[in-house]
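Data file: start03.txt. Format and content: compact mmCIF, C-alpha atoms.
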```txt
# COMPACT_ATOMS: atom_id res chain seq x y z
CA MET N 10 110.42 86.56 140.73
CA PHE N 11 109.92 89.28 138.14
CA ILE N 12 109.84 92.02 140.74
CA ARG N 13 111.24 90.46 143.86
CA PRO N 14 114.76 89.46 142.86
CA THR N 15 115.13 92.92 141.35
CA ALA N 16 114.20 94.32 144.72
CA ALA N 17 116.57 91.93 146.44
CA LEU N 18 119.46 92.83 144.16
CA ALA N 19 118.60 96.52 144.27
CA ALA N 20 118.57 96.36 148.06
CA PHE N 21 121.95 94.72 147.95
CA LEU N 22 123.28 97.44 145.65
CA LEU N 23 121.84 100.10 147.94
CA VAL N 24 123.37 98.55 151.02
CA SER N 25 126.66 98.34 149.15
CA ALA N 26 126.47 102.00 148.22
CA ALA N 27 125.51 103.23 151.67
CA PRO N 28 128.49 105.16 153.06
CA LEU N 29 127.88 104.03 156.64
CA ALA N 30 127.66 100.34 155.86
CA GLU N 31 131.34 100.00 155.16
CA ALA N 32 131.54 96.41 156.26
CA ALA N 33 128.89 95.49 153.69
CA GLU N 34 130.39 97.67 150.99
CA LYS N 35 130.90 94.88 148.55
CA PRO N 36 130.39 91.14 148.72
CA THR N 37 133.38 89.00 149.64
CA ASP N 38 134.52 86.12 147.44
CA PRO N 39 132.82 83.49 149.67
CA GLN N 40 129.57 85.50 149.41
CA ILE N 41 129.93 85.99 145.65
CA ALA N 42 130.48 82.26 145.17
CA HIS N 43 127.34 81.59 147.22
CA ILE N 44 125.22 84.09 145.25
CA ALA N 45 126.38 82.75 141.87
CA TYR N 46 125.84 79.13 142.90
CA THR N 47 122.41 79.94 144.33
CA ALA N 48 121.38 81.80 141.15
CA GLY N 49 122.27 78.68 139.12
CA THR N 50 120.53 76.28 141.49
CA LEU N 51 117.33 78.33 141.43
CA ASP N 52 117.25 78.24 137.64
CA ILE N 53 117.76 74.46 137.71
CA GLU N 54 114.79 74.12 140.07
CA ALA N 55 112.61 76.25 137.77
CA ALA N 56 113.77 74.10 134.81
CA LYS N 57 112.82 70.89 136.62
CA LEU N 58 109.34 72.24 137.20
CA ALA N 59 109.00 73.16 133.51
CA ILE N 60 110.25 69.73 132.37
CA LYS N 61 107.58 68.15 134.57
CA LYS N 62 104.72 70.48 133.67
CA SER N 63 105.11 71.72 130.11
CA LYS N 64 103.83 69.81 127.10
CA THR N 65 105.48 72.15 124.59
CA LYS N 66 108.62 70.76 123.00
CA GLU N 67 110.38 74.14 122.68
CA VAL N 68 109.77 74.90 126.35
CA VAL N 69 110.87 71.47 127.59
CA ASP N 70 113.99 71.58 125.37
CA PHE N 71 114.82 75.04 126.66
CA ALA N 72 114.37 73.89 130.27
CA LYS N 73 116.67 70.92 129.65
CA ASP N 74 119.29 73.30 128.21
CA MET N 75 119.03 75.42 131.38
CA GLU N 76 119.36 72.40 133.65
CA ARG N 77 122.39 71.05 131.76
CA ASP N 78 124.26 74.38 131.48
CA HIS N 79 123.68 75.51 135.04
CA GLU N 80 124.68 72.12 136.40
CA ALA N 81 127.90 72.41 134.37
CA VAL N 82 128.60 75.95 135.65
CA ASN N 83 127.85 74.95 139.23
CA SER N 84 130.09 71.91 139.13
CA GLN N 85 132.90 74.15 137.84
CA ALA N 86 132.12 76.57 140.67
CA LEU N 87 132.24 73.76 143.24
CA ALA N 88 135.56 72.52 141.86
CA LEU N 89 136.97 76.03 142.04
CA VAL N 90 135.90 76.78 145.62
CA LYS N 91 137.34 73.44 146.66
CA LYS N 92 140.62 74.25 144.92
CA LEU N 93 140.75 77.72 146.45
CA LYS N 94 139.67 76.36 149.85
CA VAL N 95 136.86 78.89 149.97
CA THR N 96 133.66 78.05 151.83
CA PRO N 97 130.67 79.73 150.16
CA GLU N 98 128.99 81.96 152.68
CA ASP N 99 125.24 82.39 152.88
CA ASN N 100 124.13 86.02 152.82
CA ALA N 101 121.11 88.30 152.52
CA THR N 102 121.19 88.39 148.70
CA SER N 103 121.24 84.59 148.37
CA GLN N 104 118.41 84.36 150.89
CA ALA N 105 116.31 86.99 149.10
CA LEU N 106 116.85 85.27 145.74
CA THR N 107 115.86 81.92 147.21
CA LYS N 108 112.73 83.32 148.85
CA ALA N 109 111.64 85.08 145.64
CA ALA N 110 112.26 81.96 143.55
CA LYS N 111 110.22 79.86 145.97
CA GLU N 112 107.30 82.25 145.59
CA GLU N 113 107.65 82.22 141.81
CA ARG N 114 107.66 78.42 141.74
CA ALA N 115 104.50 78.35 143.85
CA LYS N 116 102.87 80.74 141.37
CA LEU N 117 104.01 78.68 138.37
CA ALA N 118 102.85 75.44 139.98
CA LYS N 119 99.26 76.68 139.84
CA LEU N 120 99.38 77.41 136.10
CA LYS N 121 98.79 74.98 133.25
CA GLY N 122 99.30 74.66 129.51
CA ALA N 123 99.97 77.84 127.52
CA ALA N 124 99.65 80.02 130.62
CA PHE N 125 102.41 78.05 132.33
CA ASP N 126 104.68 78.14 129.26
CA LYS N 127 104.27 81.89 128.90
CA ALA N 128 104.84 82.63 132.58
CA TYR N 129 107.87 80.33 132.80
CA ILE N 130 109.60 81.72 129.70
CA GLU N 131 108.85 85.35 130.57
CA ASN N 132 110.26 84.76 134.03
CA GLU N 133 113.36 83.14 132.52
CA VAL N 134 113.96 86.24 130.37
CA ALA N 135 113.51 88.53 133.40
CA TYR N 136 115.53 86.34 135.77
CA HIS N 137 118.52 86.03 133.44
CA LYS N 138 118.41 89.77 132.78
CA GLN N 139 118.58 90.45 136.53
CA VAL N 140 121.40 88.03 137.14
CA ASP N 141 123.32 89.52 134.17
CA GLY N 142 122.95 92.95 135.75
CA ALA N 143 124.15 91.72 139.14
CA LEU N 144 127.12 89.89 137.60
CA GLU N 145 128.15 92.88 135.50
CA THR N 146 127.73 95.68 138.00
CA LEU N 147 128.42 93.99 141.32
CA LEU N 148 129.69 90.42 141.44
CA ILE N 149 132.41 90.55 138.74
CA PRO N 150 133.82 93.94 139.82
CA SER N 151 133.82 92.82 143.48
CA ALA N 152 135.52 89.46 142.97
CA SER N 153 139.13 89.58 144.11
CA ASN N 154 140.33 86.14 143.07
CA ALA N 155 141.26 86.07 139.36
CA GLU N 156 139.97 82.54 138.78
CA LEU N 157 136.65 83.34 140.42
CA LYS N 158 136.39 86.49 138.32
CA SER N 159 137.10 84.50 135.16
CA LEU N 160 134.45 81.89 136.02
CA LEU N 161 131.93 84.65 136.70
CA GLU N 162 132.75 86.20 133.32
CA THR N 163 132.07 82.86 131.62
CA GLY N 164 128.89 82.64 133.71
CA LEU N 165 127.85 86.07 132.45
CA LYS N 166 128.25 84.95 128.83
CA ILE N 167 126.20 81.83 129.57
CA PHE N 168 123.46 83.87 131.26
CA GLN N 169 123.42 86.42 128.41
CA GLY N 170 123.14 83.53 125.95
CA HIS N 171 120.26 82.05 127.93
CA GLU N 172 118.52 85.39 128.01
CA GLN N 173 118.63 85.58 124.19
CA HIS N 174 117.62 81.91 123.91
CA ALA N 175 114.64 82.56 126.22
CA GLU N 176 113.66 85.57 124.10
CA HIS N 177 113.70 83.35 120.97
CA VAL N 178 111.47 80.79 122.69
CA ALA N 179 109.14 83.55 123.94
CA GLY N 180 108.89 84.85 120.36
CA ALA N 181 108.12 81.34 119.05
CA LEU N 182 105.32 80.86 121.61
CA LYS N 183 103.41 83.89 120.33
CA MET E 16 170.69 70.86 102.85
CA ARG E 17 171.40 68.78 99.74
CA ALA E 18 168.67 66.35 100.67
CA GLY E 19 166.32 69.28 101.20
CA LEU E 20 166.99 70.68 97.74
CA LEU E 21 166.52 67.31 96.13
CA SER E 22 163.30 66.64 97.88
CA LEU E 23 161.74 69.98 96.97
CA PRO E 24 160.62 68.97 93.45
CA VAL E 25 159.30 65.75 94.88
CA ALA E 26 157.34 67.63 97.49
CA LEU E 27 155.97 70.00 94.85
CA ALA E 28 154.96 67.11 92.62
CA LEU E 29 153.25 65.41 95.53
CA ALA E 30 151.45 68.63 96.40
CA LEU E 31 150.26 69.03 92.81
CA ILE E 32 148.99 65.48 92.64
CA ALA E 33 147.43 65.61 96.07
CA SER E 34 145.76 69.02 95.98
CA PRO E 35 142.69 68.13 93.88
CA VAL E 36 141.90 65.19 96.17
CA LEU E 37 142.93 66.42 99.59
CA ALA E 38 140.24 68.65 100.98
CA ALA E 39 141.33 70.76 103.91
CA THR E 40 140.08 70.56 107.47
CA ILE E 41 139.66 73.95 109.06
CA GLU E 42 139.66 74.05 112.82
CA VAL E 43 137.57 76.45 114.87
CA THR E 44 138.10 76.43 118.62
CA ILE E 45 135.36 77.15 121.12
CA ASP E 46 136.64 78.46 124.42
CA ARG E 47 134.49 80.23 127.01
CA LEU E 48 131.65 80.73 124.55
CA VAL E 49 133.74 82.24 121.77
CA PHE E 50 134.26 80.82 118.26
CA SER E 51 137.88 81.38 117.28
CA PRO E 52 138.60 82.38 114.58
CA ALA E 53 135.17 83.93 114.32
CA SER E 54 135.38 84.00 110.54
CA VAL E 55 136.94 81.35 108.26
CA GLU E 56 137.38 80.87 104.52
CA ALA E 57 136.90 77.44 102.95
CA LYS E 58 136.24 75.68 99.67
CA VAL E 59 133.42 73.34 98.76
CA GLY E 60 134.51 69.89 99.94
CA ASP E 61 136.50 71.23 102.90
CA THR E 62 135.57 70.21 106.41
CA ILE E 63 135.10 72.55 109.34
CA GLU E 64 135.86 71.01 112.68
CA TRP E 65 134.81 72.72 115.90
CA VAL E 66 136.88 71.82 118.95
CA ASN E 67 134.84 72.54 122.06
CA LYS E 68 136.98 73.24 125.12
CA ASP E 69 133.96 74.24 127.21
CA ALA E 70 132.08 72.07 129.67
CA PHE E 71 128.91 73.17 127.85
CA ALA E 72 127.26 71.77 124.75
CA HIS E 73 127.17 74.13 121.79
CA THR E 74 125.87 74.10 118.24
CA ALA E 75 126.94 75.71 115.00
CA THR E 76 123.60 76.54 113.44
CA VAL E 77 122.82 78.30 110.19
CA LYS E 78 119.32 79.74 110.21
CA GLY E 79 117.32 77.74 107.68
CA GLY E 80 120.40 75.64 106.91
CA TRP E 81 122.73 73.14 108.53
CA GLU E 82 123.32 72.48 112.21
CA VAL E 83 126.26 70.78 113.89
CA MET E 84 126.00 69.55 117.48
CA ILE E 85 129.20 70.06 119.44
CA PRO E 86 129.15 68.17 122.76
CA PRO E 87 131.12 69.44 125.79
CA LYS E 88 134.88 68.77 125.66
CA SER E 89 134.38 67.21 122.26
CA LYS E 90 134.29 67.96 118.54
CA GLY E 91 131.74 68.50 115.81
CA ARG E 92 132.32 68.64 112.06
CA ILE E 93 130.66 69.33 108.76
CA THR E 94 131.82 68.94 105.16
CA LEU E 95 130.80 71.97 103.15
CA LYS E 96 128.67 71.14 100.14
CA ALA E 97 127.61 74.52 98.80
CA ALA E 98 129.43 77.75 97.98
CA GLY E 99 128.41 81.02 99.60
CA ALA E 100 128.82 83.01 102.77
CA VAL E 101 126.88 81.98 105.85
CA ASP E 102 126.53 83.29 109.37
CA TYR E 103 126.12 80.73 112.09
CA PHE E 104 125.37 80.89 115.80
CA CYS E 105 125.00 78.62 118.81
CA ARG E 106 121.35 77.71 119.29
CA PHE E 107 121.86 77.30 123.06
CA HIS E 108 123.75 80.58 123.42
CA PRO E 109 122.74 82.83 120.51
CA ASN E 110 125.29 85.44 121.63
CA MET E 111 127.97 83.13 120.12
CA LYS E 112 128.41 83.98 116.45
CA GLY E 113 130.59 82.80 113.57
CA HIS E 114 130.93 83.21 109.82
CA VAL E 115 132.04 80.94 106.97
CA GLU E 116 132.94 82.03 103.42
CA VAL E 117 132.73 79.05 101.10
CA SER E 118 134.23 79.43 97.63
CA PRO E 119 133.51 76.95 94.78
```

Translate this file's structure into structure tokens.
Amino acid sequence: MFIRPTAALAAFLLVSAAPLAEAAEKPTDPQIAHIAYTAGTLDIEAAKLAIKKSKTKEVVDFAKDMERDHEAVNSQALALVKKLKVTPEDNATSQALTKAAKEERAKLAKLKGAAFDKAYIENEVAYHKQVDGALETLLIPSASNAELKSLLETGLKIFQGHEQHAEHVAGALK
Amino acid sequence: MRAGLLSLPVALALALIASPVLAATIEVTIDRLVFSPASVEAKVGDTIEWVNKDAFAHTATVKGGWEVMIPPKSKGRITLKAAGAVDYFCRFHPNMKGHVEVSP
């Protein structure tokens, strides 16, 4: 996940910037909603794995915070798309994120104890950093609906908060 | 008007009697991960009440000091016991910051 989602998002940015790919210039609102929802769901899945595997209180508490916050954001997102009558649309970025997260989970599943804690938290720092970047540079500027944009902005603050929280936990593990 | 003038001394007297006993409650709103106002002034004995409009749980945490849990769409409060200035943050989202000046 450390490298792959970056590649996925970078590829998306490149495609967006390519002058010939005008149709794919920027994601549409249904695609943005799908990417944001997917990013949250993937972090919830990682959190569930950590809650199951970790024996360290700080790590389990952090994972529970991730699960709770991302479930709250995603239920707000679902309520909004329903209200706006928007159907989230699957897309290459969502698929790349999902594939990379699946690989990361498989990697984490093989680790135990301190090695698991370290790998999970470091990945959380990296993952949130990547999603922050995508929200800031691509998803928020591309969103055309004001309510969607506002929810993404709140999502960005949540993700930035989680990134700092993960950094605190990483520091405490050392 | 007449009634207003007459009641003014009464109101003042009541205020004078009440002020040593009545500690204030200072409200801080949390909306979309922002403490507002970010900085408040209070006296020892006053209560700070955080009103959380978010769907997310937050905390008001002073490093090495007190912590208030503020559940989603709910409130959290603390009565200030010591004078001094403290910075606080949300433990779940450390990018949320606030400040309290407590005078004796």

Query raised in the report: How far is it from atom CA of N:Leu87 to atom CA of N:Thr37, in Å with one decimal?
Result: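 For atom CA of N:Leu87 relative to atom CA of N:Thr37, the distance reads 16.6 Å.
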
Query raised in the report: With only C-alpha atoms as the basis for distance, which of E:Ala39, E:Met84, E:Val117, E:Val59 is at the shortest distance from E:Ala100?
Result: E:Val117

Query - Selection near E:Pro119, 10 Å with all atoms listed in the file, sequence-local residues under 5 positions removed, as a VMD selection string - result: chain E and resid 57 to 60 96 to 99

Requested in this report: Please return, as a PyMOL selection string, all residues of chain E lying within 7 Å of chain N when only C-alpha atoms are considered.
Outcome: chain E and resi 47-48+70-71+107-110

**Report entry** Long-range neighbours of N:Ala45 as a PyMOL selection string, 9 Å cut-off, all atoms listed in the file, 2 positions minimum in chain
**Finding:** chain N and resi 40-43+47-50+83+86+103+140+144+148+161+164

Can those selected residues be exported to a file as a short mmCIF file (atom, residue, chain, number, x, y, z; two decimals), keeping the file's coordinate frame so that it contains C-alpha atoms?
```cif
data_model
loop_
_atom_site.label_atom_id
_atom_site.label_comp_id
_atom_site.auth_asym_id
_atom_site.auth_seq_id
_atom_site.Cartn_x
_atom_site.Cartn_y
_atom_site.Cartn_z
CA GLN N 40 129.57 85.50 149.41
CA ILE N 41 129.93 85.99 145.65
CA ALA N 42 130.48 82.26 145.17
CA HIS N 43 127.34 81.59 147.22
CA THR N 47 122.41 79.94 144.33
CA ALA N 48 121.38 81.80 141.15
CA GLY N 49 122.27 78.68 139.12
CA THR N 50 120.53 76.28 141.49
CA ASN N 83 127.85 74.95 139.23
CA ALA N 86 132.12 76.57 140.67
CA SER N 103 121.24 84.59 148.37
CA VAL N 140 121.40 88.03 137.14
CA LEU N 144 127.12 89.89 137.60
CA LEU N 148 129.69 90.42 141.44
CA LEU N 161 131.93 84.65 136.70
CA GLY N 164 128.89 82.64 133.71
#
```

Query raised in the report: Restricting the calculation to all atoms listed in the file, which member of N:Gly122, N:Pro150, N:Gly142, N:Pro39 is positioned closest to N:Val90?
Result: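 The closest residue to N:Val90 is N:Pro39.
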
**Report entry** Straight-line distance linking atom CA of E:Val49 with atom CA of N:Ala179, stated in Å to one decimal
**Finding:**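 For atom CA of E:Val49 relative to atom CA of N:Ala179, the distance reads 24.7 Å.
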
**Report entry** Pairwise distance for atom CA of N:Lys183 and atom CA of N:Tyr136, rounded to one decimal in Å
**Finding:**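 Straight-line distance from atom CA of N:Lys183 to atom CA of N:Tyr136 works out to 19.8 Å.
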
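Compared by their closest atoms to N:Lys61, and using all atoms listed in the file, the residues N:Glu113, N:Asp126, N:Glu156, N:Glu176 rank with N:Asp126 nearest.
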
Report task. Using all atoms listed in the file, pick whichever of E:Thr94, E:Ser118, E:Asn67, E:Thr76 has the shortest atom-to-atom distance to E:Ile41. Result ->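 That would be E:Thr94, the residue with the smallest distance to E:Ile41.
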
As a CSV table (one decimal) with C-alpha atoms, in the coordinates of the input, please: the residues near N:Ala59 (cut-off 12 Å, only C-alpha atoms, same-chain neighbours under 4 positions excluded).
```
chain,number,residue,atom,x,y,z
N,52,ASP,CA,117.2,78.2,137.6
N,53,ILE,CA,117.8,74.5,137.7
N,54,GLU,CA,114.8,74.1,140.1
N,55,ALA,CA,112.6,76.2,137.8
N,63,SER,CA,105.1,71.7,130.1
N,64,LYS,CA,103.8,69.8,127.1
N,65,THR,CA,105.5,72.2,124.6
N,66,LYS,CA,108.6,70.8,123.0
N,67,GLU,CA,110.4,74.1,122.7
N,68,VAL,CA,109.8,74.9,126.4
N,69,VAL,CA,110.9,71.5,127.6
N,70,ASP,CA,114.0,71.6,125.4
N,71,PHE,CA,114.8,75.0,126.7
N,72,ALA,CA,114.4,73.9,130.3
N,73,LYS,CA,116.7,70.9,129.6
N,74,ASP,CA,119.3,73.3,128.2
N,75,MET,CA,119.0,75.4,131.4
N,76,GLU,CA,119.4,72.4,133.6
N,114,ARG,CA,107.7,78.4,141.7
N,117,LEU,CA,104.0,78.7,138.4
N,118,ALA,CA,102.8,75.4,140.0
N,120,LEU,CA,99.4,77.4,136.1
N,121,LYS,CA,98.8,75.0,133.2
N,122,GLY,CA,99.3,74.7,129.5
N,123,ALA,CA,100.0,77.8,127.5
N,124,ALA,CA,99.6,80.0,130.6
N,125,PHE,CA,102.4,78.0,132.3
N,126,ASP,CA,104.7,78.1,129.3
N,127,LYS,CA,104.3,81.9,128.9
N,128,ALA,CA,104.8,82.6,132.6
N,129,TYR,CA,107.9,80.3,132.8
N,130,ILE,CA,109.6,81.7,129.7
N,132,ASN,CA,110.3,84.8,134.0
N,133,GLU,CA,113.4,83.1,132.5
```

Query raised in the report: What lies within 12 Å of E:Pro86 using all atoms listed in the file, ignoring chain neighbours under 3 positions off, as a list in words?
Result: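 Result of the neighbour search: Arg77 and Asp78 of chain N; Ile45, Trp65, Val66, Asn67, Lys68, Asp69, Ala70, Phe71, Ala72, His73, Thr74, Ala75, Val83, Ser89, Lys90, Gly91, Arg92, Cys105 and Phe107 of chain E.
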